[in-house]
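Colleague: My questions will all concern the structure given below.
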Amino acid sequence: MDIQWKHRVTTAALVAALVLTPVAAQAAIVMQGHRGPEVQELQEQLAELGFLVGTPDGIFGPATKNAVKEFQGAENLPVDGVAGPETLAALEQVFVENGPAGAALQEMALHGFSEHGLLRRGDRKPGVTVLQETLVHLGYLEAEPNGVFGPQTERAVKEFQASTGSLTDGMVGQETWAALAAALQGQPKASAVIVAATTRKADEAPPAAEESSAAAETQVVSIEETMAAVVEHGLVRRGDRSDVVLGLQQILVELDLLTVEPNGVFGPQTEAAVKAFQRSVNVAADGMVGSRTWSALASALDSAATAEATAEVAVAAATAVPESASVKLTNHGIVRRGDRSDAVKQLQQALAELGLLTAEPNGVFGPQTETAVRQAQAWLGLGVDGVVGPATWSALAERLTVMDEAVMAADLPELEGTMRQGDRGEQVMMVQERLAALNFLQGRADGIFGPATRQAVQSFQRSAGLTPDGVIGQKTWEAMVASRPGQYVPVVVEDMHWRDVQRIFAVGDVVTVEDVETGLTWRVQRLYGSNHADVEPLTTTDTRIMRQVFGGSWSWERRAVIVKIGDRLVAASINGYPHGGQNITTNQFPGHICMHFRGSQLHLNGRSDPDHQAMVQRSTQATPQSIQVR
């Protein structure tokens, strides 16, 4: 059925009109053995929400009963496998909130720019309502959509843009609309703009297959093509929004005059870059791009291309880093997954020197590079988004400088006695400086052996295969003296938001859990859960270990844990009381437990649990004792 975009309705109304026919209105109770359209509709809703696998057939069999039980457990309803009035009402509510609404919103967002154009603070129009509904659905806005683009909506837009690595200007243009649609689909941000690239001409063969397919989503054009397109359009100035402005910004980036990502909006940063260029070529610095400025830009591009060709060998030599030397980093603007450039190669060399990347630097920003960037950001105390911007460049450069200025083995004196938490003095400062040089300690050496220093010592000891007692004895000191920066990789625990966890921790996935306090580890499998993860121990052995963690008896006590999901360690919190539904019946655990991450909520009331969130924060400060990334 076609959606009439010019007469758009709200998401809730759209879903009600096009998709939902409440099961509750057709039957008071649906249970095993029933057949008919009410059963099929129930199955379709359960399948849409991820509780039922297979094609709905209108027959209420064992699989449907299990799916109903899983849903009931996830919503803290009586788990009996019977779809009565309470279960049907809850299913309808969840279906409206999480089912086809997302698909409908995604379709709206895909057409958002063509239908509504650029949205900004102060706008009052139907497109703002669509935007607000999308932000509510994605968890960035906690207000009722009202069609008014006010400060709360602007903050939500900026938070979303920051999560995708976009320019956080609070305005919703083509790229942000596309990113919203991609987020609704649960996929990484897909760029909707044309990105200029000088690494190849338009008539050359496309680049070889790379480690990520993300670049295939981005159209690549030559600077010459961009220039030809924009010159035809005459004067552009501050306030303009068009592909011509986008082309201008691409040229300014190529000339190293603009560091933000091109977005087609002629704002103050673009104007400042234009004025800087005009002053450099003795053109009136009015910030407007007319025929004289276009001509000067074309000449500057020709000169830059000639200089680049002349310096090609020198650039290659400069970016080749000897094994004994550190990479010298500068701010190369924003680079992210899918990019190909010398800046990416230099980033990879820095990550390799820090021990976070094992692959050969090749200038292609693929999944391995993104994982290494995320680990570096978590370790350096930055926002973890896998995108390298000014803050990440600066932090990496500072860390490399610390390594360069480190006290080397030949200059380190003998250790006198042992050192442990509570000690103070010059020897403690010497240990802290060495730990900082080896990338295990952040902050300034102060000569005080506190909890952070003890944790850094334990992290080094685990990496070096020593007993992690947090005490500096002769054996530990000799290992620290003999180690070189980057030889051992400090393990970091990510403070990942629940909405991001769901993308890598799906229903049915098995992960390893480590209790922060005891260091004991066991395995769990995700059962279901939308506001947080409901998990159950995998085997009787896992149940036994988990019972040991909780002191020998089941409890609602919250405990700080670290969860290994793939090659990432994530901060979390669990309780230890079996409740609700289960899928595994051979683990001697009658139900499941709740696992919370940052930003997760209770199924009962949709609110955050402060005790769980406190334990999550505690986990972010912990060093894994038993599980490692590699």
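Order determines the names: the first chain of the structure tokens is A, the second B, and so forth; residues in each chain are numbered 1 upward, and ligands are numbered 1 upward as they are shown.
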Under the rule of at most 9 Å, produce a per-residue listing of region 318-395 of chain A near region 147-167 of chain A: chain, number, name, the closest pair of atoms, and the distance in Å, as CSV, using only C-alpha atoms.

Modeller:
```
residue,atom,partner,partner_atom,distance
A:Ile334,CA,A:Gly165,CA,8.3
A:Arg336,CA,A:Gly165,CA,8.1
A:Val384,CA,A:Ser163,CA,8.8
A:Asp385,CA,A:Ser163,CA,6.4
A:Gly386,CA,A:Gly165,CA,8.4
A:Val387,CA,A:Gly165,CA,5.9
A:Val388,CA,A:Gly165,CA,8.4
A:Gly389,CA,A:Gly165,CA,8.3
```

Colleague: Would you export the selected residues with all heavy atoms as an mmCIF file, in the first residue's frame, please?

Modeller:
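Result went into part.cif, see below:
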```
data_model
loop_
_atom_site.group_PDB
_atom_site.id
_atom_site.type_symbol
_atom_site.label_atom_id
_atom_site.label_comp_id
_atom_site.auth_asym_id
_atom_site.auth_seq_id
_atom_site.Cartn_x
_atom_site.Cartn_y
_atom_site.Cartn_z
ATOM 1 N N ILE A 334 38.625 14.076 10.146
ATOM 2 C CA ILE A 334 37.855 12.896 10.549
ATOM 3 C C ILE A 334 38.098 11.751 9.575
ATOM 4 O O ILE A 334 37.969 11.915 8.366
ATOM 5 C CB ILE A 334 36.358 13.227 10.606
ATOM 6 C CG1 ILE A 334 36.093 14.271 11.687
ATOM 7 C CG2 ILE A 334 35.531 11.974 10.885
ATOM 8 C CD1 ILE A 334 34.668 14.760 11.742
ATOM 9 N N ARG A 336 37.103 7.476 9.163
ATOM 10 C CA ARG A 336 36.210 6.456 9.699
ATOM 11 C C ARG A 336 36.221 5.239 8.779
ATOM 12 O O ARG A 336 36.845 5.244 7.714
ATOM 13 C CB ARG A 336 34.786 6.992 9.820
ATOM 14 C CG ARG A 336 34.233 7.567 8.517
ATOM 15 C CD ARG A 336 32.730 7.736 8.546
ATOM 16 N NE ARG A 336 32.258 8.575 9.612
ATOM 17 C CZ ARG A 336 32.055 9.888 9.518
ATOM 18 N NH1 ARG A 336 32.322 10.505 8.377
ATOM 19 N NH2 ARG A 336 31.586 10.585 10.516
ATOM 20 N N VAL A 384 33.702 6.243 22.863
ATOM 21 C CA VAL A 384 33.994 5.093 21.992
ATOM 22 C C VAL A 384 32.990 5.052 20.848
ATOM 23 O O VAL A 384 31.835 4.669 21.031
ATOM 24 C CB VAL A 384 33.946 3.779 22.796
ATOM 25 C CG1 VAL A 384 34.241 2.582 21.881
ATOM 26 C CG2 VAL A 384 34.942 3.823 23.952
ATOM 27 N N ASP A 385 33.436 5.494 19.649
ATOM 28 C CA ASP A 385 32.566 5.440 18.475
ATOM 29 C C ASP A 385 33.269 4.870 17.243
ATOM 30 O O ASP A 385 32.652 4.716 16.192
ATOM 31 C CB ASP A 385 32.003 6.827 18.146
ATOM 32 C CG ASP A 385 33.105 7.876 17.902
ATOM 33 O OD1 ASP A 385 34.288 7.501 17.866
ATOM 34 O OD2 ASP A 385 32.758 9.058 17.749
ATOM 35 N N GLY A 386 34.570 4.563 17.357
ATOM 36 C CA GLY A 386 35.296 3.994 16.220
ATOM 37 C C GLY A 386 35.640 4.994 15.146
ATOM 38 O O GLY A 386 36.181 4.629 14.104
ATOM 39 N N VAL A 387 35.339 6.280 15.378
ATOM 40 C CA VAL A 387 35.624 7.354 14.417
ATOM 41 C C VAL A 387 36.773 8.191 14.966
ATOM 42 O O VAL A 387 36.768 8.573 16.141
ATOM 43 C CB VAL A 387 34.387 8.237 14.187
ATOM 44 C CG1 VAL A 387 34.719 9.376 13.232
ATOM 45 C CG2 VAL A 387 33.238 7.396 13.635
ATOM 46 N N VAL A 388 37.757 8.484 14.129
ATOM 47 C CA VAL A 388 38.934 9.237 14.577
ATOM 48 C C VAL A 388 38.769 10.700 14.194
ATOM 49 O O VAL A 388 38.822 11.072 13.025
ATOM 50 C CB VAL A 388 40.221 8.658 13.958
ATOM 51 C CG1 VAL A 388 41.441 9.425 14.470
ATOM 52 C CG2 VAL A 388 40.353 7.181 14.301
ATOM 53 N N GLY A 389 38.544 11.520 15.217
ATOM 54 C CA GLY A 389 38.441 12.959 15.041
ATOM 55 C C GLY A 389 39.557 13.656 15.797
ATOM 56 O O GLY A 389 40.510 13.013 16.257
#
```

Colleague: I need the residue nearest Ala479 (chain A) from this list: A:Val431, A:Leu569, A:Met615, A:Val491. Use only C-alpha atoms for the distance.

Modeller: A:Val431

Colleague: Please identify all polymer residues within 9 Å of region 358-374 of chain A, counting only C-alpha atoms, omitting same-chain residues fewer than 3 positions from it, and present them as a PyMOL selection string.

Modeller: chain A and resi 210-214+335-349+351-352+355+377-379+383-388+392+494+567-568

Colleague: Any chance you can output those residues with N, CA, C and O atoms as a short mmCIF file (atom, residue, chain, number, x, y, z; two decimals), in the first residue's frame?

Modeller:
```cif
data_model
loop_
_atom_site.label_atom_id
_atom_site.label_comp_id
_atom_site.auth_asym_id
_atom_site.auth_seq_id
_atom_site.Cartn_x
_atom_site.Cartn_y
_atom_site.Cartn_z
N GLU A 210 38.29 -4.41 -0.48
CA GLU A 210 38.92 -4.06 0.78
C GLU A 210 38.28 -4.86 1.89
O GLU A 210 37.36 -5.65 1.68
N GLU A 211 38.76 -4.64 3.13
CA GLU A 211 38.28 -5.44 4.24
C GLU A 211 36.88 -5.04 4.66
O GLU A 211 36.25 -5.71 5.45
N SER A 212 36.36 -3.90 4.18
CA SER A 212 35.00 -3.48 4.51
C SER A 212 34.26 -3.14 3.23
O SER A 212 34.81 -2.58 2.31
N SER A 213 32.96 -3.49 3.21
CA SER A 213 32.15 -3.16 2.04
C SER A 213 31.50 -1.80 2.19
O SER A 213 30.78 -1.35 1.31
N ALA A 214 31.76 -1.11 3.31
CA ALA A 214 31.10 0.18 3.55
C ALA A 214 31.44 1.18 2.48
O ALA A 214 30.61 2.03 2.12
N VAL A 335 38.47 10.59 10.11
CA VAL A 335 38.56 9.37 9.30
C VAL A 335 37.71 8.31 9.98
O VAL A 335 37.64 8.25 11.21
N ARG A 336 37.10 7.48 9.16
CA ARG A 336 36.21 6.46 9.70
C ARG A 336 36.22 5.24 8.78
O ARG A 336 36.84 5.24 7.71
N ARG A 337 35.51 4.20 9.21
CA ARG A 337 35.44 2.96 8.44
C ARG A 337 34.99 3.23 7.00
O ARG A 337 34.05 3.96 6.76
N GLY A 338 35.71 2.63 6.06
CA GLY A 338 35.41 2.83 4.65
C GLY A 338 36.37 3.79 3.97
O GLY A 338 36.47 3.79 2.75
N ASP A 339 37.10 4.61 4.76
CA ASP A 339 38.04 5.58 4.17
C ASP A 339 39.31 4.89 3.69
O ASP A 339 39.72 3.86 4.23
N ARG A 340 39.95 5.49 2.68
CA ARG A 340 41.25 5.03 2.16
C ARG A 340 42.13 6.27 2.00
O ARG A 340 41.78 7.16 1.24
N SER A 341 43.26 6.33 2.70
CA SER A 341 44.12 7.50 2.59
C SER A 341 45.43 7.26 3.32
O SER A 341 45.59 6.28 4.07
N ASP A 342 46.38 8.18 3.11
CA ASP A 342 47.63 8.13 3.86
C ASP A 342 47.38 8.39 5.34
O ASP A 342 48.10 7.87 6.20
N ALA A 343 46.36 9.21 5.64
CA ALA A 343 46.03 9.47 7.04
C ALA A 343 45.62 8.18 7.75
O ALA A 343 45.99 7.94 8.91
N VAL A 344 44.85 7.35 7.06
CA VAL A 344 44.44 6.06 7.63
C VAL A 344 45.66 5.18 7.87
O VAL A 344 45.79 4.51 8.90
N LYS A 345 46.58 5.18 6.91
CA LYS A 345 47.79 4.37 7.06
C LYS A 345 48.61 4.83 8.26
O LYS A 345 49.13 4.02 9.03
N GLN A 346 48.72 6.15 8.43
CA GLN A 346 49.46 6.66 9.58
C GLN A 346 48.75 6.31 10.88
O GLN A 346 49.40 5.97 11.88
N LEU A 347 47.43 6.37 10.87
CA LEU A 347 46.66 5.94 12.04
C LEU A 347 46.95 4.48 12.36
O LEU A 347 47.19 4.12 13.52
N GLN A 348 46.95 3.64 11.34
CA GLN A 348 47.20 2.21 11.55
C GLN A 348 48.61 1.98 12.11
O GLN A 348 48.81 1.10 12.96
N GLN A 349 49.57 2.74 11.62
CA GLN A 349 50.94 2.60 12.13
C GLN A 349 51.00 2.97 13.60
O GLN A 349 51.70 2.31 14.39
N LEU A 351 48.47 2.79 15.76
CA LEU A 351 47.78 1.73 16.50
C LEU A 351 48.65 0.48 16.63
O LEU A 351 48.65 -0.19 17.68
N ALA A 352 49.40 0.18 15.57
CA ALA A 352 50.31 -0.97 15.63
C ALA A 352 51.42 -0.73 16.64
O ALA A 352 51.80 -1.63 17.39
N GLY A 355 50.45 -1.42 19.98
CA GLY A 355 50.13 -2.82 20.23
C GLY A 355 48.67 -3.17 20.06
O GLY A 355 48.24 -4.25 20.47
N GLN A 377 40.24 4.19 22.07
CA GLN A 377 39.40 5.23 22.66
C GLN A 377 38.97 4.86 24.08
O GLN A 377 38.99 5.71 24.98
N ALA A 378 38.59 3.60 24.28
CA ALA A 378 38.20 3.17 25.62
C ALA A 378 39.38 3.27 26.58
O ALA A 378 39.25 3.72 27.72
N TRP A 379 40.54 2.85 26.12
CA TRP A 379 41.75 2.86 26.95
C TRP A 379 42.19 4.28 27.29
O TRP A 379 42.66 4.57 28.39
N GLY A 383 35.28 9.08 24.18
CA GLY A 383 34.03 8.49 23.72
C GLY A 383 34.32 7.41 22.70
O GLY A 383 35.11 7.61 21.77
N VAL A 384 33.70 6.24 22.86
CA VAL A 384 33.99 5.09 21.99
C VAL A 384 32.99 5.05 20.85
O VAL A 384 31.83 4.67 21.03
N ASP A 385 33.44 5.49 19.65
CA ASP A 385 32.57 5.44 18.47
C ASP A 385 33.27 4.87 17.24
O ASP A 385 32.65 4.72 16.19
N GLY A 386 34.57 4.56 17.36
CA GLY A 386 35.30 3.99 16.22
C GLY A 386 35.64 4.99 15.15
O GLY A 386 36.18 4.63 14.10
N VAL A 387 35.34 6.28 15.38
CA VAL A 387 35.62 7.35 14.42
C VAL A 387 36.77 8.19 14.97
O VAL A 387 36.77 8.57 16.14
N VAL A 388 37.76 8.48 14.13
CA VAL A 388 38.93 9.24 14.58
C VAL A 388 38.77 10.70 14.19
O VAL A 388 38.82 11.07 13.02
N THR A 392 40.67 12.17 19.26
CA THR A 392 41.38 10.89 19.19
C THR A 392 42.78 11.08 18.62
O THR A 392 43.74 10.49 19.12
N GLU A 494 34.93 -1.66 27.88
CA GLU A 494 34.14 -0.59 27.26
C GLU A 494 32.85 -0.31 28.03
O GLU A 494 32.16 -1.23 28.48
N ASP A 567 35.30 -10.04 20.30
CA ASP A 567 36.64 -9.65 20.71
C ASP A 567 36.61 -8.39 21.56
O ASP A 567 37.62 -7.70 21.69
N ARG A 568 35.45 -8.11 22.18
CA ARG A 568 35.31 -6.90 22.99
C ARG A 568 34.88 -7.25 24.41
O ARG A 568 34.12 -8.21 24.63
#
```

Colleague: Residues of region 363-522 of chain A classed as strand (DSSP E) by DSSP on the backbone are to be reported as an MDAnalysis selection string.

Modeller: chainID A and resid 510:515 521:522

Colleague: Generate a file of the selected residues that holds N, CA and C atoms, formatted as a tab-separated table (two decimals), in the first residue's frame.

Modeller:
```tsv
chain	number	residue	atom	x	y	z
A	510	VAL	N	26.11	-16.87	22.79
A	510	VAL	CA	26.75	-17.31	24.03
A	510	VAL	C	27.94	-16.40	24.30
A	511	VAL	N	28.05	-15.89	25.52
A	511	VAL	CA	29.16	-15.00	25.90
A	511	VAL	C	29.76	-15.49	27.21
A	512	THR	N	30.97	-15.02	27.50
A	512	THR	CA	31.64	-15.34	28.75
A	512	THR	C	31.51	-14.16	29.71
A	513	VAL	N	31.22	-14.46	30.97
A	513	VAL	CA	31.03	-13.45	31.99
A	513	VAL	C	32.09	-13.62	33.06
A	514	GLU	N	32.70	-12.50	33.49
A	514	GLU	CA	33.64	-12.54	34.60
A	514	GLU	C	33.14	-11.67	35.73
A	515	ASP	N	33.08	-12.23	36.94
A	515	ASP	CA	32.71	-11.45	38.11
A	515	ASP	C	33.90	-10.60	38.52
A	521	THR	N	34.74	-17.00	36.14
A	521	THR	CA	34.09	-16.83	34.84
A	521	THR	C	33.17	-18.00	34.55
A	522	TRP	N	32.11	-17.72	33.79
A	522	TRP	CA	31.19	-18.75	33.34
A	522	TRP	C	30.51	-18.26	32.06
```

Colleague: Using only C-alpha atoms, find the one residue out of A:Leu400, A:Ala456, A:Val516, A:Leu604 that sits nearest to Ile562 (chain A).

Modeller: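 That would be A:Val516, the residue with the smallest distance to Ile562 (chain A).
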
Colleague: Measure the distance from CA of Ala572 (chain A) to CA of Gly552 (chain A) in Å and round it to one decimal.

Modeller: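 We find that CA of Ala572 (chain A) and CA of Gly552 (chain A) lie 21.4 Å from each other.
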
Colleague: Can you tell me, as a PyMOL selection string, what residues are no more than 8 Å from region 265-280 of chain A when counting only C-alpha atoms, ignoring any on the same chain fewer than 5 positions away?

Modeller: chain A and resi 237-242+245-246+249+252+257-258+285-289+293

Colleague: For the selection you just gave me, I'd like the residues written to a file as an mmCIF file, in the first residue's frame, keeping N, CA and C atoms.

Modeller:
```cif
data_model
loop_
_atom_site.group_PDB
_atom_site.id
_atom_site.type_symbol
_atom_site.label_atom_id
_atom_site.label_comp_id
_atom_site.auth_asym_id
_atom_site.auth_seq_id
_atom_site.Cartn_x
_atom_site.Cartn_y
_atom_site.Cartn_z
ATOM 1 N N ARG A 237 27.203 31.383 -1.119
ATOM 2 C CA ARG A 237 27.551 32.155 0.067
ATOM 3 C C ARG A 237 26.969 31.492 1.308
ATOM 4 N N ARG A 238 27.318 32.087 2.461
ATOM 5 C CA ARG A 238 26.849 31.566 3.741
ATOM 6 C C ARG A 238 25.324 31.495 3.767
ATOM 7 N N GLY A 239 24.819 30.358 4.246
ATOM 8 C CA GLY A 239 23.380 30.139 4.302
ATOM 9 C C GLY A 239 22.877 29.231 3.200
ATOM 10 N N ASP A 240 23.670 29.072 2.101
ATOM 11 C CA ASP A 240 23.263 28.183 1.008
ATOM 12 C C ASP A 240 23.381 26.725 1.447
ATOM 13 N N ARG A 241 22.512 25.901 0.864
ATOM 14 C CA ARG A 241 22.527 24.454 1.126
ATOM 15 C C ARG A 241 22.291 23.738 -0.202
ATOM 16 N N SER A 242 23.305 23.084 -0.719
ATOM 17 C CA SER A 242 23.170 22.443 -2.027
ATOM 18 C C SER A 242 24.352 21.529 -2.286
ATOM 19 N N VAL A 245 27.527 23.538 -2.761
ATOM 20 C CA VAL A 245 28.254 23.815 -1.516
ATOM 21 C C VAL A 245 29.051 22.584 -1.100
ATOM 22 N N LEU A 246 28.449 21.421 -1.271
ATOM 23 C CA LEU A 246 29.146 20.176 -0.944
ATOM 24 C C LEU A 246 30.434 20.050 -1.762
ATOM 25 N N GLN A 249 33.038 22.459 -0.460
ATOM 26 C CA GLN A 249 33.647 21.969 0.779
ATOM 27 C C GLN A 249 34.665 20.864 0.499
ATOM 28 N N LEU A 252 37.815 22.521 -0.581
ATOM 29 C CA LEU A 252 38.489 23.154 0.556
ATOM 30 C C LEU A 252 39.174 22.115 1.443
ATOM 31 N N LEU A 257 42.128 23.371 3.886
ATOM 32 C CA LEU A 257 41.591 24.608 4.454
ATOM 33 C C LEU A 257 40.359 24.360 5.319
ATOM 34 N N LEU A 258 39.765 23.174 5.197
ATOM 35 C CA LEU A 258 38.567 22.830 5.947
ATOM 36 C C LEU A 258 38.765 21.458 6.566
ATOM 37 N N ALA A 285 38.487 39.146 0.434
ATOM 38 C CA ALA A 285 38.083 38.125 1.407
ATOM 39 C C ALA A 285 36.688 38.415 1.939
ATOM 40 N N ASP A 286 35.681 38.189 1.090
ATOM 41 C CA ASP A 286 34.296 38.443 1.493
ATOM 42 C C ASP A 286 33.567 37.163 1.889
ATOM 43 N N GLY A 287 34.243 36.010 1.736
ATOM 44 C CA GLY A 287 33.628 34.739 2.122
ATOM 45 C C GLY A 287 32.625 34.217 1.121
ATOM 46 N N MET A 288 32.416 34.933 0.018
ATOM 47 C CA MET A 288 31.495 34.479 -1.026
ATOM 48 C C MET A 288 32.289 33.935 -2.207
ATOM 49 N N VAL A 289 31.767 32.871 -2.825
ATOM 50 C CA VAL A 289 32.509 32.202 -3.900
ATOM 51 C C VAL A 289 31.860 32.541 -5.234
ATOM 52 N N THR A 293 36.878 33.603 -7.411
ATOM 53 C CA THR A 293 37.279 32.608 -6.399
ATOM 54 C C THR A 293 37.244 31.204 -6.983
#
```

Colleague: When distances are computed from only C-alpha atoms, which of A:Gln421, A:Ser483, A:Asn583, A:Asn439 shows the smallest separation from Leu527 (chain A)?

Modeller: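 Once distances to Leu527 (chain A) are computed over only C-alpha atoms, the minimum belongs to A:Asn583.
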
Colleague: Do you know which residues are at most 6 Å from region 33-46 of chain A counting only C-alpha atoms, after dropping those on the same chain fewer than 5 positions away, and could you put them as an MDAnalysis selection string?

Modeller: chainID A and resid 51:52 56:60

Colleague: Would you output that residue set with N, CA, C and O atoms, as a compact mmCIF listing (two decimals), in the first residue's frame?

Modeller:
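Writing the result to result.txt gives the following:
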```
# COMPACT_ATOMS: atom_id res chain seq x y z
N PHE A 51 10.53 -13.38 18.64
CA PHE A 51 10.31 -14.47 19.59
C PHE A 51 9.98 -15.79 18.89
O PHE A 51 10.10 -16.86 19.49
N LEU A 52 9.57 -15.75 17.64
CA LEU A 52 9.17 -16.96 16.92
C LEU A 52 9.97 -17.08 15.63
O LEU A 52 10.07 -16.12 14.88
N PRO A 56 4.60 -18.16 9.98
CA PRO A 56 3.30 -18.28 10.64
C PRO A 56 2.35 -19.12 9.81
O PRO A 56 2.18 -18.88 8.60
N ASP A 57 1.69 -20.12 10.46
CA ASP A 57 0.81 -21.03 9.71
C ASP A 57 -0.59 -21.11 10.29
O ASP A 57 -1.43 -21.88 9.82
N GLY A 58 -0.88 -20.33 11.36
CA GLY A 58 -2.20 -20.36 11.96
C GLY A 58 -2.46 -21.55 12.86
O GLY A 58 -3.60 -21.76 13.30
N ILE A 59 -1.43 -22.34 13.16
CA ILE A 59 -1.58 -23.52 14.02
C ILE A 59 -0.79 -23.28 15.30
O ILE A 59 0.43 -23.10 15.27
N PHE A 60 -1.46 -23.27 16.46
CA PHE A 60 -0.82 -23.02 17.75
C PHE A 60 -0.22 -24.34 18.26
O PHE A 60 -0.89 -25.14 18.91
```

Colleague: Ranking A:Glu433, A:Asp469, A:Asp169, A:Glu398 by minimum distance to Arg420 (chain A) and counting only C-alpha atoms, which one comes first?

Modeller: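 Distance minimum relative to Arg420 (chain A) lands on A:Asp469.
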
Colleague: So what do you get for CA of Pro78 (chain A) versus CA of Ala506 (chain A), distance-wise?

Modeller: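 Here the two named atoms are 24.2 Å from each other.
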
Colleague: Determine the nearest neighbour of Ser299 (chain A) from the options A:Ile251, A:Ile504, A:Val68, A:Ala391, counting only C-alpha atoms.

Modeller: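 Distance minimum relative to Ser299 (chain A) lands on A:Ile251.
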